[in-house]
Amino acid sequence: MDTDKILKDKSVLIVDDEPDILDSITEQLDMCRIYRAKDYEIALQLMAGFKFDIVILDVMGVRGFELLKKSVSKGFPTVMLTAHALTPEALKESIQLGAVSFLPKEMMAELDTYLADVITGSHKVVWQNLLEKLGDYFARQFGADWKEKDDFFRKFEEEFSDSQKEGP
């Protein structure tokens with residue numbers, strides 16, 4: 001997949017309270033039109049004034065879940081990016097509130113690949129790909145049985161396996 005071509009000229013809002021994260025993502029996504037916000041208020045202003053192909057939100061420090069609700073209500077595909085809120089509960093809340101992806105900041109080096117999936121795939125396919133790619137990572141972080149502990153994740157996975165059986 002040629003991520004540069006897929007992401008070229010896409011309008012991306014990045015919201016994070018850490019300047020080095022904003023700089024790093026801006027540099028990595030140099031093929032995109034980048035808008036940056038370091039806090040909740042600036043992010044709200046940008047969301048009110050522009051249309052975005054992708055919004056990337058930090059969970060902590062910028063009221064990420066509140067911004068997720070606003071972003072989703074405007075129809076912006078939204079990716080949650082976190083280091084400190086890397087928990088099954090934060091993942092679950094992200095899914096329930098309409099995020100299209102949930103990435104650990106540790107995986108930022110591959111951010112362009114995940115964002116290309118967001119642009120080219122359906123909501124369900126993006127989550128399916130993410131959980132397949134990061135399944136082992138999440139198991140190490142959350143414990144091997146993290147999905148079995150919560151009915152939500154069991155049902156979520158069943159939806160994917162059912163959709164695979166149905167085919168395209």
# chains A, B, ... in the order shown; residues from 1 in each chain; ligands from 1
call {"tool": "closest_atom_pairs", "arguments": {"of": "segment 35-65 of chain A", "to": "segment 118-126 of chain A", "cutoff": "12 Å", "atoms": "only C-alpha atoms", "output": "JSON lines"}}
result
{"residue": "A:Phe52", "atom": "CA", "partner": "A:Ile119", "partner_atom": "CA", "distance": 11.5}
{"residue": "A:Asp53", "atom": "CA", "partner": "A:Ile119", "partner_atom": "CA", "distance": 7.8}
{"residue": "A:Ile54", "atom": "CA", "partner": "A:Val118", "partner_atom": "CA", "distance": 8.0}
{"residue": "A:Val55", "atom": "CA", "partner": "A:Val118", "partner_atom": "CA", "distance": 10.6}
{"residue": "A:Ile56", "atom": "CA", "partner": "A:Val118", "partner_atom": "CA", "distance": 11.3}
call {"tool": "write_last_selection", "arguments": {"atoms": "N, CA and C atoms", "output": "short mmCIF file (atom, residue, chain, number, x, y, z; two decimals), in the first residue's frame"}}
result
data_model
loop_
_atom_site.label_atom_id
_atom_site.label_comp_id
_atom_site.auth_asym_id
_atom_site.auth_seq_id
_atom_site.Cartn_x
_atom_site.Cartn_y
_atom_site.Cartn_z
N PHE A 52 -12.27 17.92 8.26
CA PHE A 52 -11.07 17.09 8.35
C PHE A 52 -11.33 15.69 7.80
N ASP A 53 -10.32 15.17 7.10
CA ASP A 53 -10.37 13.78 6.63
C ASP A 53 -10.07 12.82 7.77
N ILE A 54 -9.24 13.27 8.73
CA ILE A 54 -8.89 12.48 9.91
C ILE A 54 -8.61 13.43 11.06
N VAL A 55 -9.05 13.04 12.24
CA VAL A 55 -8.70 13.75 13.47
C VAL A 55 -7.96 12.76 14.35
N ILE A 56 -6.83 13.20 14.90
CA ILE A 56 -6.03 12.38 15.80
C ILE A 56 -6.06 13.04 17.17
#
call {"tool": "residues_around", "arguments": {"residues": "Phe138 of chain A", "least_positions_apart": "6", "cutoff": "12 Å", "atoms": "only C-alpha atoms", "output": "list of chain:residue names"}}
result
A:Leu86, A:Thr87, A:Pro88, A:Leu91, A:Phe102, A:Leu103, A:Pro104, A:Glu106, A:Met107, A:Leu130, A:Leu131, A:Glu132, A:Ala144, A:Asp145, A:Trp146, A:Lys147
call {"tool": "write_last_selection", "arguments": {"atoms": "N, CA and C atoms", "output": "compact mmCIF listing (two decimals), in the first residue's frame"}}
result
# COMPACT_ATOMS: atom_id res chain seq x y z
N LEU A 86 -3.67 3.70 28.11
CA LEU A 86 -3.64 2.45 27.35
C LEU A 86 -4.23 1.33 28.22
N THR A 87 -5.56 1.29 28.23
CA THR A 87 -6.29 0.31 29.04
C THR A 87 -7.44 -0.26 28.22
N PRO A 88 -7.92 -1.44 28.61
CA PRO A 88 -9.11 -1.97 27.93
C PRO A 88 -10.31 -1.03 28.06
N LEU A 91 -9.94 1.76 25.52
CA LEU A 91 -10.21 1.19 24.19
C LEU A 91 -11.71 1.02 23.99
N PHE A 102 -7.55 3.15 17.61
CA PHE A 102 -7.02 3.42 18.94
C PHE A 102 -5.58 2.93 18.94
N LEU A 103 -4.63 3.86 18.99
CA LEU A 103 -3.24 3.48 18.86
C LEU A 103 -2.41 3.89 20.06
N PRO A 104 -1.52 3.00 20.48
CA PRO A 104 -0.55 3.39 21.50
C PRO A 104 0.48 4.34 20.86
N GLU A 106 3.43 4.38 21.35
CA GLU A 106 4.57 3.53 21.01
C GLU A 106 4.57 3.13 19.54
N MET A 107 3.40 3.09 18.92
CA MET A 107 3.25 2.65 17.53
C MET A 107 3.24 3.82 16.54
N LEU A 130 -6.87 -3.43 12.88
CA LEU A 130 -6.14 -2.95 14.04
C LEU A 130 -6.02 -4.04 15.10
N LEU A 131 -7.12 -4.71 15.40
CA LEU A 131 -7.08 -5.74 16.43
C LEU A 131 -6.23 -6.94 16.00
N GLU A 132 -6.19 -7.21 14.70
CA GLU A 132 -5.31 -8.29 14.22
C GLU A 132 -3.85 -7.86 14.34
N ALA A 144 -3.37 -11.69 28.77
CA ALA A 144 -3.74 -12.60 27.68
C ALA A 144 -5.25 -12.78 27.53
N ASP A 145 -5.98 -12.67 28.62
CA ASP A 145 -7.42 -12.93 28.57
C ASP A 145 -8.26 -11.65 28.60
N TRP A 146 -7.69 -10.53 28.16
CA TRP A 146 -8.38 -9.25 28.28
C TRP A 146 -9.72 -9.22 27.55
N LYS A 147 -9.82 -9.87 26.40
CA LYS A 147 -11.08 -9.86 25.65
C LYS A 147 -12.13 -10.75 26.32
call {"tool": "select_by_dssp", "arguments": {"residues": "segment 33-161 of chain A", "states": "strand (DSSP E or B)", "output": "PyMOL selection string"}}
result
chain A and resi 33-37+54-58+78-82+101-104
call {"tool": "residues_around", "arguments": {"residues": "Leu67 of chain A", "least_positions_apart": "6", "cutoff": "12 Å", "atoms": "only C-alpha atoms", "output": "PyMOL selection string"}}
result
chain A and resi 13-16+37+39-48+55-61+73-74+76+78-80+94+97-99
call {"tool": "closest_residue", "arguments": {"among": "A:Ile34, A:Leu29, A:Val62, A:Ala139", "to": "Lys5 of chain A", "atoms": "only C-alpha atoms"}}
result
A:Leu29
call {"tool": "select_by_dssp", "arguments": {"residues": "chain A", "states": "alpha helix (DSSP H)", "output": "JSON, numbers by chain"}}
result
{"A": [3, 4, 5, 6, 7, 19, 20, 21, 22, 23, 24, 25, 26, 27, 28, 40, 41, 42, 43, 44, 45, 46, 47, 48, 49, 64, 65, 66, 67, 68, 69, 70, 71, 72, 73, 88, 89, 90, 91, 92, 93, 94, 95, 96, 111, 112, 113, 114, 115, 116, 117, 118, 119, 120, 123, 124, 125, 126, 127, 128, 129, 130, 131, 132, 133, 134, 135, 136, 137, 138, 139, 140, 141, 142, 151, 152, 153, 154, 155, 156, 157, 158, 159, 160, 161, 162, 163, 164, 165, 166]}
call {"tool": "write_last_selection", "arguments": {"atoms": "C-alpha atoms", "output": "PDB file, in the first residue's frame"}}
result
ATOM      1  CA  THR A   3       0.533   5.375   2.145  1.00  0.00           C
ATOM      2  CA  ASP A   4       1.994   8.629   0.762  1.00  0.00           C
ATOM      3  CA  LYS A   5      -0.402   8.530  -2.191  1.00  0.00           C
ATOM      4  CA  ILE A   6      -3.390   7.603  -0.027  1.00  0.00           C
ATOM      5  CA  LEU A   7      -2.682  10.350   2.516  1.00  0.00           C
ATOM      6  CA  PRO A  19       4.653  19.668  21.616  1.00  0.00           C
ATOM      7  CA  ASP A  20       7.117  16.892  20.706  1.00  0.00           C
ATOM      8  CA  ILE A  21       4.226  14.585  19.761  1.00  0.00           C
ATOM      9  CA  LEU A  22       2.674  17.316  17.602  1.00  0.00           C
ATOM     10  CA  ASP A  23       6.055  17.887  15.920  1.00  0.00           C
ATOM     11  CA  SER A  24       6.698  14.189  15.389  1.00  0.00           C
ATOM     12  CA  ILE A  25       3.295  13.502  13.809  1.00  0.00           C
ATOM     13  CA  THR A  26       3.518  16.669  11.682  1.00  0.00           C
ATOM     14  CA  GLU A  27       6.886  15.531  10.356  1.00  0.00           C
ATOM     15  CA  GLN A  28       5.685  11.990   9.690  1.00  0.00           C
ATOM     16  CA  TYR A  40      -9.357  21.374  24.029  1.00  0.00           C
ATOM     17  CA  GLU A  41     -10.406  24.949  23.208  1.00  0.00           C
ATOM     18  CA  ILE A  42      -8.169  25.316  20.146  1.00  0.00           C
ATOM     19  CA  ALA A  43      -9.320  21.909  18.907  1.00  0.00           C
ATOM     20  CA  LEU A  44     -12.986  22.945  19.219  1.00  0.00           C
ATOM     21  CA  GLN A  45     -12.309  26.136  17.240  1.00  0.00           C
ATOM     22  CA  LEU A  46     -10.581  24.208  14.465  1.00  0.00           C
ATOM     23  CA  MET A  47     -13.353  21.589  14.345  1.00  0.00           C
ATOM     24  CA  ALA A  48     -15.918  24.386  14.034  1.00  0.00           C
ATOM     25  CA  GLY A  49     -14.085  26.076  11.186  1.00  0.00           C
ATOM     26  CA  GLY A  64      -9.851  13.459  24.412  1.00  0.00           C
ATOM     27  CA  PHE A  65     -13.129  11.635  24.962  1.00  0.00           C
ATOM     28  CA  GLU A  66     -15.087  14.906  24.983  1.00  0.00           C
ATOM     29  CA  LEU A  67     -13.353  15.934  21.763  1.00  0.00           C
ATOM     30  CA  LEU A  68     -14.071  12.481  20.324  1.00  0.00           C
ATOM     31  CA  LYS A  69     -17.799  13.049  20.805  1.00  0.00           C
ATOM     32  CA  LYS A  70     -17.572  16.436  19.030  1.00  0.00           C
ATOM     33  CA  SER A  71     -15.436  15.072  16.216  1.00  0.00           C
ATOM     34  CA  VAL A  72     -17.678  12.071  15.563  1.00  0.00           C
ATOM     35  CA  SER A  73     -20.780  14.288  15.621  1.00  0.00           C
ATOM     36  CA  PRO A  88      -9.109  -1.973  27.931  1.00  0.00           C
ATOM     37  CA  GLU A  89     -11.547   0.567  29.414  1.00  0.00           C
ATOM     38  CA  ALA A  90     -10.136   3.421  27.280  1.00  0.00           C
ATOM     39  CA  LEU A  91     -10.209   1.188  24.192  1.00  0.00           C
ATOM     40  CA  LYS A  92     -13.814   0.229  24.909  1.00  0.00           C
ATOM     41  CA  GLU A  93     -14.874   3.842  25.468  1.00  0.00           C
ATOM     42  CA  SER A  94     -13.155   4.876  22.229  1.00  0.00           C
ATOM     43  CA  ILE A  95     -15.060   2.221  20.285  1.00  0.00           C
ATOM     44  CA  GLN A  96     -18.362   3.056  21.958  1.00  0.00           C
ATOM     45  CA  LEU A 111       0.919   5.912  12.123  1.00  0.00           C
ATOM     46  CA  ASP A 112       0.791   6.550   8.375  1.00  0.00           C
ATOM     47  CA  THR A 113      -0.086   2.881   7.733  1.00  0.00           C
ATOM     48  CA  TYR A 114      -2.923   2.947  10.261  1.00  0.00           C
ATOM     49  CA  LEU A 115      -4.228   6.236   8.855  1.00  0.00           C
ATOM     50  CA  ALA A 116      -4.160   4.854   5.306  1.00  0.00           C
ATOM     51  CA  ASP A 117      -6.377   2.024   6.609  1.00  0.00           C
ATOM     52  CA  VAL A 118      -8.756   4.659   7.994  1.00  0.00           C
ATOM     53  CA  ILE A 119      -8.967   6.383   4.589  1.00  0.00           C
ATOM     54  CA  THR A 120      -9.385   3.195   2.536  1.00  0.00           C
ATOM     55  CA  HIS A 123     -15.191   1.344  10.065  1.00  0.00           C
ATOM     56  CA  LYS A 124     -15.507  -2.388  10.774  1.00  0.00           C
ATOM     57  CA  VAL A 125     -12.543  -3.345   8.575  1.00  0.00           C
ATOM     58  CA  VAL A 126     -10.312  -0.723  10.216  1.00  0.00           C
ATOM     59  CA  TRP A 127     -11.063  -2.101  13.690  1.00  0.00           C
ATOM     60  CA  GLN A 128     -10.622  -5.660  12.484  1.00  0.00           C
ATOM     61  CA  ASN A 129      -7.214  -4.843  10.947  1.00  0.00           C
ATOM     62  CA  LEU A 130      -6.145  -2.946  14.045  1.00  0.00           C
ATOM     63  CA  LEU A 131      -7.078  -5.742  16.434  1.00  0.00           C
ATOM     64  CA  GLU A 132      -5.307  -8.285  14.220  1.00  0.00           C
ATOM     65  CA  LYS A 133      -2.140  -6.152  13.957  1.00  0.00           C
ATOM     66  CA  LEU A 134      -2.078  -5.147  17.627  1.00  0.00           C
ATOM     67  CA  GLY A 135      -3.641  -8.246  19.172  1.00  0.00           C
ATOM     68  CA  ASP A 136      -0.365  -9.513  20.630  1.00  0.00           C
ATOM     69  CA  TYR A 137       0.591  -6.018  21.790  1.00  0.00           C
ATOM     70  CA  PHE A 138      -2.749  -5.544  23.577  1.00  0.00           C
ATOM     71  CA  ALA A 139      -2.436  -9.030  25.122  1.00  0.00           C
ATOM     72  CA  ARG A 140       0.967  -8.077  26.551  1.00  0.00           C
ATOM     73  CA  GLN A 141      -0.374  -4.755  27.869  1.00  0.00           C
ATOM     74  CA  PHE A 142      -3.791  -5.861  29.126  1.00  0.00           C
ATOM     75  CA  ASP A 151     -18.727  -9.231  27.112  1.00  0.00           C
ATOM     76  CA  PHE A 152     -18.312  -6.093  25.008  1.00  0.00           C
ATOM     77  CA  PHE A 153     -15.044  -7.292  23.446  1.00  0.00           C
ATOM     78  CA  ARG A 154     -16.335 -10.843  22.932  1.00  0.00           C
ATOM     79  CA  LYS A 155     -19.372  -9.491  21.056  1.00  0.00           C
ATOM     80  CA  PHE A 156     -17.185  -7.036  19.161  1.00  0.00           C
ATOM     81  CA  GLU A 157     -14.971  -9.882  17.916  1.00  0.00           C
ATOM     82  CA  GLU A 158     -18.003 -12.028  17.061  1.00  0.00           C
ATOM     83  CA  GLU A 159     -19.230  -9.229  14.780  1.00  0.00           C
ATOM     84  CA  PHE A 160     -15.937  -9.418  12.871  1.00  0.00           C
ATOM     85  CA  SER A 161     -15.998 -13.178  12.519  1.00  0.00           C
ATOM     86  CA  ASP A 162     -19.663 -13.037  11.406  1.00  0.00           C
ATOM     87  CA  SER A 163     -18.881 -10.369   8.799  1.00  0.00           C
ATOM     88  CA  GLN A 164     -15.982 -12.472   7.458  1.00  0.00           C
ATOM     89  CA  LYS A 165     -18.306 -15.445   6.996  1.00  0.00           C
ATOM     90  CA  GLU A 166     -20.765 -13.267   5.046  1.00  0.00           C
TER      91      GLU A 166
END
call {"tool": "closest_residue", "arguments": {"among": "A:Lys105, A:Arg33, A:Lys51, A:His84", "to": "Lys8 of chain A", "atoms": "only C-alpha atoms"}}
result
A:Arg33
call {"tool": "closest_residue", "arguments": {"among": "A:Lys149, A:Lys10, A:Arg36, A:Arg63", "to": "Thr82 of chain A", "atoms": "only C-alpha atoms"}}
result
A:Arg63
call {"tool": "atom_distance", "arguments": {"atom1": "atom CA of Asp30 of chain A", "atom2": "atom CA of Gly75 of chain A"}}
result
23.5 Å
call {"tool": "atom_distance", "arguments": {"atom1": "atom CA of Ala109 of chain A", "atom2": "atom CA of Glu18 of chain A"}}
result
16.5 Å
